[in-house]
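Visitor: Dropping in work.cif, which is mmCIF, C-alpha atoms:
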```
data_input
loop_
_atom_site.label_atom_id
_atom_site.label_comp_id
_atom_site.auth_asym_id
_atom_site.auth_seq_id
_atom_site.Cartn_x
_atom_site.Cartn_y
_atom_site.Cartn_z
CA MET A 810 -18.21 26.40 9.33
CA ASN A 811 -19.70 26.56 5.81
CA ILE A 812 -17.81 24.02 3.70
CA ALA A 813 -18.04 23.14 0.00
CA ILE A 814 -16.55 19.81 -0.97
CA ILE A 815 -15.76 19.30 -4.63
CA GLY A 816 -15.59 15.60 -5.38
CA SER A 817 -17.77 12.67 -4.29
CA GLY A 818 -15.25 9.84 -4.38
CA ASN A 819 -13.88 8.09 -1.30
CA ILE A 820 -12.02 11.10 0.12
CA GLY A 821 -14.70 13.67 -0.67
CA SER A 822 -17.55 11.50 0.60
CA THR A 823 -15.72 10.60 3.79
CA LEU A 824 -14.89 14.21 4.61
CA ALA A 825 -18.39 15.38 3.74
CA LEU A 826 -20.07 12.88 6.05
CA ARG A 827 -17.60 13.21 8.91
CA LEU A 828 -17.56 17.02 8.85
CA ARG A 829 -21.35 17.15 8.76
CA GLY A 830 -21.35 14.80 11.73
CA LEU A 831 -19.15 17.30 13.56
CA GLY A 832 -21.77 20.02 13.05
CA HIS A 833 -20.39 21.82 10.01
CA HIS A 834 -22.67 22.98 7.20
CA VAL A 835 -21.49 20.87 4.27
CA LEU A 836 -22.41 21.28 0.61
CA VAL A 837 -21.14 19.15 -2.26
CA GLY A 838 -20.29 20.94 -5.47
CA ALA A 839 -21.13 18.41 -8.16
CA ARG A 840 -19.73 18.59 -11.67
CA LYS A 841 -21.66 15.38 -12.47
CA PRO A 842 -24.71 15.51 -10.18
CA PHE A 843 -26.29 12.36 -11.63
CA SER A 844 -23.23 10.14 -11.32
CA ALA A 845 -23.62 7.05 -9.14
CA LYS A 846 -21.10 8.35 -6.58
CA THR A 847 -22.77 11.75 -6.26
CA GLN A 848 -26.23 10.23 -5.96
CA ALA A 849 -25.00 7.78 -3.31
CA LEU A 850 -23.48 10.63 -1.31
CA GLY A 851 -26.66 12.69 -1.71
CA MET A 852 -28.72 9.85 -0.24
CA GLN A 853 -26.58 9.97 2.91
CA LEU A 854 -25.96 13.71 3.14
CA GLY A 855 -29.29 14.93 1.80
CA MET A 856 -30.01 15.62 -1.86
CA ASP A 857 -30.55 19.30 -1.05
CA ARG A 858 -26.84 19.47 -0.21
CA ILE A 859 -25.84 18.57 -3.79
CA LEU A 860 -25.44 21.80 -5.78
CA PRO A 861 -23.69 23.07 -8.89
CA VAL A 862 -20.04 23.75 -8.09
CA GLU A 863 -20.14 27.54 -8.34
CA GLU A 864 -23.28 27.76 -6.21
CA ALA A 865 -21.80 25.56 -3.47
CA VAL A 866 -18.63 27.66 -3.46
CA ALA A 867 -20.56 30.93 -3.26
CA GLN A 868 -22.28 29.74 -0.07
CA SER A 869 -19.07 28.58 1.62
CA THR A 870 -15.96 30.04 3.23
CA LEU A 871 -13.94 26.83 2.93
CA ILE A 872 -13.54 24.72 -0.21
CA ILE A 873 -12.11 21.20 -0.08
CA ILE A 874 -10.97 19.82 -3.43
CA ALA A 875 -11.11 16.02 -3.58
CA THR A 876 -11.12 15.18 -7.28
CA PRO A 877 -8.59 13.24 -9.38
CA ALA A 878 -5.41 15.29 -9.82
CA PRO A 879 -5.62 15.54 -13.64
CA GLN A 880 -8.88 17.50 -13.17
CA ALA A 881 -7.28 20.16 -10.94
CA ILE A 882 -7.22 22.97 -13.48
CA ALA A 883 -10.72 22.32 -14.82
CA VAL A 884 -12.06 22.16 -11.26
CA ALA A 885 -10.29 25.39 -10.30
CA GLN A 886 -11.80 27.14 -13.31
CA SER A 887 -15.29 25.93 -12.34
CA LEU A 888 -15.25 27.37 -8.81
CA GLY A 889 -16.28 30.93 -9.62
CA ASP A 890 -15.06 33.76 -7.39
CA THR A 891 -12.83 32.39 -4.63
CA THR A 892 -11.50 35.73 -3.39
CA GLY A 893 -10.70 35.47 0.32
CA LYS A 894 -11.84 31.86 0.58
CA ILE A 895 -9.70 29.01 1.89
CA ILE A 896 -9.02 26.02 -0.34
CA ILE A 897 -7.79 22.72 1.09
CA ASP A 898 -6.25 20.54 -1.60
CA THR A 899 -6.41 16.78 -0.98
CA MET A 900 -5.21 15.77 -4.46
CA ASN A 901 -1.96 14.01 -5.40
CA THR A 902 0.05 13.64 -8.58
CA VAL A 903 0.79 9.92 -8.91
CA ARG A 904 3.01 8.40 -11.59
CA GLY A 905 3.01 11.67 -13.52
CA ASN A 906 -0.78 11.95 -13.59
CA GLY A 907 -1.44 15.45 -12.33
CA ALA A 908 -2.29 18.97 -13.45
CA PRO A 909 -0.72 19.51 -16.89
CA GLY A 910 2.18 21.96 -16.67
CA PHE A 911 2.45 21.84 -12.87
CA GLY A 912 4.58 19.78 -10.51
CA ASN A 913 1.76 19.55 -7.97
CA THR A 914 -1.96 20.26 -7.81
CA SER A 915 -1.80 23.04 -5.21
CA ASP A 916 0.28 25.28 -7.48
CA ALA A 917 -2.24 24.64 -10.23
CA LEU A 918 -5.07 25.77 -7.93
CA LEU A 919 -3.18 28.93 -7.00
CA ALA A 920 -2.59 29.74 -10.66
CA HIS A 921 -6.26 29.35 -11.62
CA THR A 922 -8.14 30.85 -8.65
CA GLN A 923 -8.32 34.29 -7.05
CA THR A 924 -7.53 33.20 -3.50
CA ARG A 925 -4.06 33.05 -1.96
CA HIS A 926 -5.26 30.75 0.82
CA VAL A 927 -4.43 27.31 -0.59
CA VAL A 928 -3.33 24.60 1.84
CA LYS A 929 -2.35 21.03 1.03
CA CYS A 930 -3.84 18.71 3.66
CA PHE A 931 -5.75 15.41 4.03
CA ASN A 932 -3.79 14.06 1.06
CA SER A 933 -1.25 11.89 2.85
CA THR A 934 -3.37 8.88 3.78
CA GLY A 935 -6.30 6.78 2.63
CA PHE A 936 -9.97 7.44 3.23
CA GLU A 937 -10.09 4.63 5.81
CA ASN A 938 -7.83 6.69 8.06
CA LEU A 939 -10.02 9.76 7.55
CA GLN A 940 -12.98 7.67 8.66
CA ASN A 941 -11.14 6.45 11.74
CA PRO A 942 -7.74 7.89 12.70
CA GLU A 943 -7.58 5.90 15.94
CA TYR A 944 -5.15 2.97 16.14
CA PRO A 945 -4.65 0.62 19.12
CA ASP A 946 -1.75 2.69 20.47
CA GLY A 947 -3.28 6.12 19.82
CA GLY A 948 -4.25 8.59 17.13
CA ILE A 949 -2.30 9.02 13.92
CA ASP A 950 -0.96 12.30 12.54
CA MET A 951 -1.98 14.58 9.69
CA PHE A 952 0.26 16.97 7.77
CA MET A 953 -0.18 20.28 5.92
CA ALA A 954 1.71 22.87 3.90
CA GLY A 955 1.02 26.34 2.52
CA ASP A 956 1.81 30.03 2.89
CA SER A 957 -1.60 30.88 4.35
CA ILE A 958 -1.52 31.14 8.13
CA GLU A 959 -5.30 31.46 8.20
CA GLY A 960 -5.71 28.43 5.97
CA LYS A 961 -3.40 26.28 8.07
CA GLU A 962 -5.22 27.25 11.25
CA VAL A 963 -8.45 25.97 9.69
CA ALA A 964 -6.80 22.79 8.38
CA ARG A 965 -5.30 22.03 11.80
CA GLU A 966 -8.61 22.69 13.55
CA LEU A 967 -10.46 20.30 11.24
CA ALA A 968 -7.77 17.62 11.55
CA LEU A 969 -8.00 17.71 15.33
CA GLN A 970 -11.80 17.67 15.21
CA LEU A 971 -11.63 14.60 12.98
CA GLY A 972 -9.57 12.83 15.63
CA PHE A 973 -6.00 13.14 14.40
CA ALA A 974 -3.47 13.39 17.21
CA ALA A 975 -1.61 16.29 15.58
CA CYS A 976 -1.39 18.19 12.30
CA TRP A 977 2.25 18.90 11.49
CA ASP A 978 3.18 22.03 9.55
CA MET A 979 5.57 20.95 6.79
CA GLY A 980 6.22 24.51 5.59
CA ASP A 981 5.07 27.01 3.01
CA ASN A 982 3.99 26.69 -0.63
CA ASP A 983 7.45 25.44 -1.58
CA ARG A 984 6.66 22.26 0.38
CA PHE A 985 3.58 21.32 -1.63
CA PHE A 986 5.76 18.86 -3.54
CA LEU A 987 6.93 17.31 -0.27
CA MET A 988 3.33 16.70 0.78
CA GLU A 989 2.71 14.81 -2.45
CA GLN A 990 5.89 12.79 -1.87
CA LEU A 991 4.63 11.94 1.62
CA ALA A 992 1.38 10.73 0.06
CA LEU A 993 3.37 8.63 -2.40
CA CYS A 994 5.21 7.03 0.55
CA TRP A 995 1.84 5.96 1.98
CA ILE A 996 0.62 4.74 -1.43
CA ASN A 997 3.87 2.82 -1.94
CA LEU A 998 3.66 1.02 1.39
CA ALA A 999 -0.09 0.49 1.53
CA ILE A 1000 -0.80 -0.40 -2.09
CA PHE A 1001 2.32 -0.99 -4.20
CA GLN A 1002 4.08 -2.97 -1.44
CA GLY A 1003 0.85 -4.67 -0.39
CA GLN A 1004 0.99 -3.71 3.28
CA GLY A 1005 -2.72 -2.81 3.28
CA ARG A 1006 -4.63 0.39 3.68
CA ASN A 1007 -4.87 0.16 7.49
CA LEU A 1008 -1.45 1.78 7.74
CA ALA A 1009 -0.66 5.31 8.86
CA PHE A 1010 2.04 7.78 9.88
CA ARG A 1011 2.78 9.26 13.28
CA VAL A 1012 5.64 11.55 14.33
CA VAL A 1013 7.35 10.57 17.58
CA LYS A 1014 9.90 12.68 19.49
CA ARG A 1015 12.42 11.84 22.20
CA ASP A 1016 13.10 14.44 24.91
#
```
Can you dump the structure from the file as structure tokens?

Guide:
Amino acid sequence: MNIAIIGSGNIGSTLALRLRGLGHHVLVGARKPFSAKTQALGMQLGMDRILPVEEAVAQSTLIIIATPAPQAIAVAQSLGDTTGKIIIDTMNTVRGNGAPGFGNTSDALLAHTQTRHVVKCFNSTGFENLQNPEYPDGGIDMFMAGDSIEGKEVARELALQLGFAACWDMGDNDRFFLMEQLALCWINLAIFQGQGRNLAFRVVKRD
């Protein structure tokens, strides 16, 4: 799969390196190509994989947004033509810091891009769990939401490839807010409550 990742922080870098390791063609769309984070990622991924945002998007069918939530609108406006492309949104509004005028970042992306295929996924845990979703008693779970059936099929496929035990469908676009609340639950336990970042969620069912 041809994938453009926008963002070279912990989440973006982790997904870029892991997805490349799984055989996907990964490009990084860099708004600040000479930043320390982007240069560090380029050294691992290959500097030829660091491109201007619009160029990376044009060469890809899937776009993963992994930038700070307050940048969501500016990032969306920098993507160029996204018609028919799938966008996976990993961003979260935390403590009111999000896309101005929007309750969540996914709605902001929908309002400022041409595509209807926006899925919220890979937002509900820390980058350590994206690097390694295996725990002593088994794999942890990932979650997703969005109207796009096609987009959710891709998100689920990538989650399983990355080693997650399951990718639970939380619902349509009206559950974007719930995905951000789930992320806040993880942030609350792992960081605010001091439980540590090696903490994750798994759904269990009784017959």

Visitor: Using the chain letters and numbers from the file, give me the residues hit by the PyMOL selection byres ((chain A and resi 908-913) around 7), as an MDAnalysis selection string.

Guide: chainID A and resid 878:882 902 907 914:917 985:986

Visitor: Which distance in Å separates atom CA of Gly818 of chain A and atom CA of Thr876 of chain A, to one decimal?

Guide: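 Computing the Euclidean distance for atom CA of Gly818 of chain A and atom CA of Thr876 of chain A yields 7.3 Å.
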
Visitor: Just give me the gap between atom CA of Gly816 of chain A and atom CA of Trp977 of chain A in Å, one decimal is fine.

Guide: 24.8 Å

Visitor: Expanded to explicit residues, what is the PyMOL selection byres ((chain A and resi 870) around 6) for this file, as a ChimeraX atom specification?

Guide: /A:811,869,871,894

Visitor: The PyMOL selection byres ((chain A and resi 1001-1009) around 9) - which residues does that actually catch in the file I just gave you? List them as a CSV table (one decimal) with C-alpha atoms, in the frame of the given file.

Guide:
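Result written to out-v1.csv:
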```csv
chain,number,residue,atom,x,y,z
A,933,SER,CA,-1.2,11.9,2.8
A,934,THR,CA,-3.4,8.9,3.8
A,935,GLY,CA,-6.3,6.8,2.6
A,936,PHE,CA,-10.0,7.4,3.2
A,937,GLU,CA,-10.1,4.6,5.8
A,938,ASN,CA,-7.8,6.7,8.1
A,942,PRO,CA,-7.7,7.9,12.7
A,944,TYR,CA,-5.2,3.0,16.1
A,949,ILE,CA,-2.3,9.0,13.9
A,950,ASP,CA,-1.0,12.3,12.5
A,995,TRP,CA,1.8,6.0,2.0
A,996,ILE,CA,0.6,4.7,-1.4
A,997,ASN,CA,3.9,2.8,-1.9
A,998,LEU,CA,3.7,1.0,1.4
A,999,ALA,CA,-0.1,0.5,1.5
A,1000,ILE,CA,-0.8,-0.4,-2.1
A,1010,PHE,CA,2.0,7.8,9.9
A,1011,ARG,CA,2.8,9.3,13.3
```

Visitor: Please determine an axis-aligned box that encloses all atoms of segment 933-939 of chain A listed in the file, with 8 Å added on each side, and express its centre and edge lengths in Å to one decimal as JSON.

Guide:
```
{"center_x": -5.7, "center_y": 8.3, "center_z": 5.3, "size_x": 24.8, "size_y": 23.3, "size_z": 21.4}
```

Visitor: Excluding Leu971 of chain A and its own-chain neighbours fewer than 3 positions away, which residues fall within 12 Å of it when counting all atoms listed in the file? Please give them as a ChimeraX atom specification.

Guide: /A:823-833,931,938-943,948-951,964-968,974-976

Visitor: So what do you get for atom CA of Gly821 of chain A versus atom CA of Ile872 of chain A, distance-wise?

Guide: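 About the pair atom CA of Gly821 of chain A and atom CA of Ile872 of chain A: they are 11.1 Å apart.
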
Visitor: Closest to Thr924 of chain A among A:Met988, A:Ile859, A:Ile874, A:Ile896, using all atoms listed in the file?

Guide: A:Ile896

Visitor: Hey, which of A:Asn982, A:Asn901, A:Ile958, A:His834 ends up closest to Arg858 of chain A? Count only C-alpha atoms.

Guide: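 Of A:Asn982, A:Asn901, A:Ile958, A:His834, the one nearest Arg858 of chain A is A:His834, counting only C-alpha atoms.
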
Visitor: Given the point (-17.0, 29.6, -7.8) in the coordinates of this file, which residues lie within 8 Å, counting all atoms listed in the file, and how would they look as JSON, numbers by chain?

Guide: {"A": [862, 863, 864, 865, 866, 867, 886, 887, 888, 889, 890, 891]}

Visitor: Calculated over only C-alpha atoms, which of the candidates A:Thr899, A:Gln990, A:Ser844, A:Asn906 has the smallest distance to Ile814 of chain A?

Guide: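 Comparing A:Thr899, A:Gln990, A:Ser844, A:Asn906 against Ile814 of chain A, the winner is A:Thr899.
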
Visitor: From the set A:Ala875, A:Val1013, A:Met852, A:Ala992, which residue has the shortest atom-to-atom contact distance to Phe952 of chain A, counting all atoms listed in the file?

Guide: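 Checking each of A:Ala875, A:Val1013, A:Met852, A:Ala992 against Phe952 of chain A, counting all atoms listed in the file, the winner is A:Ala992.
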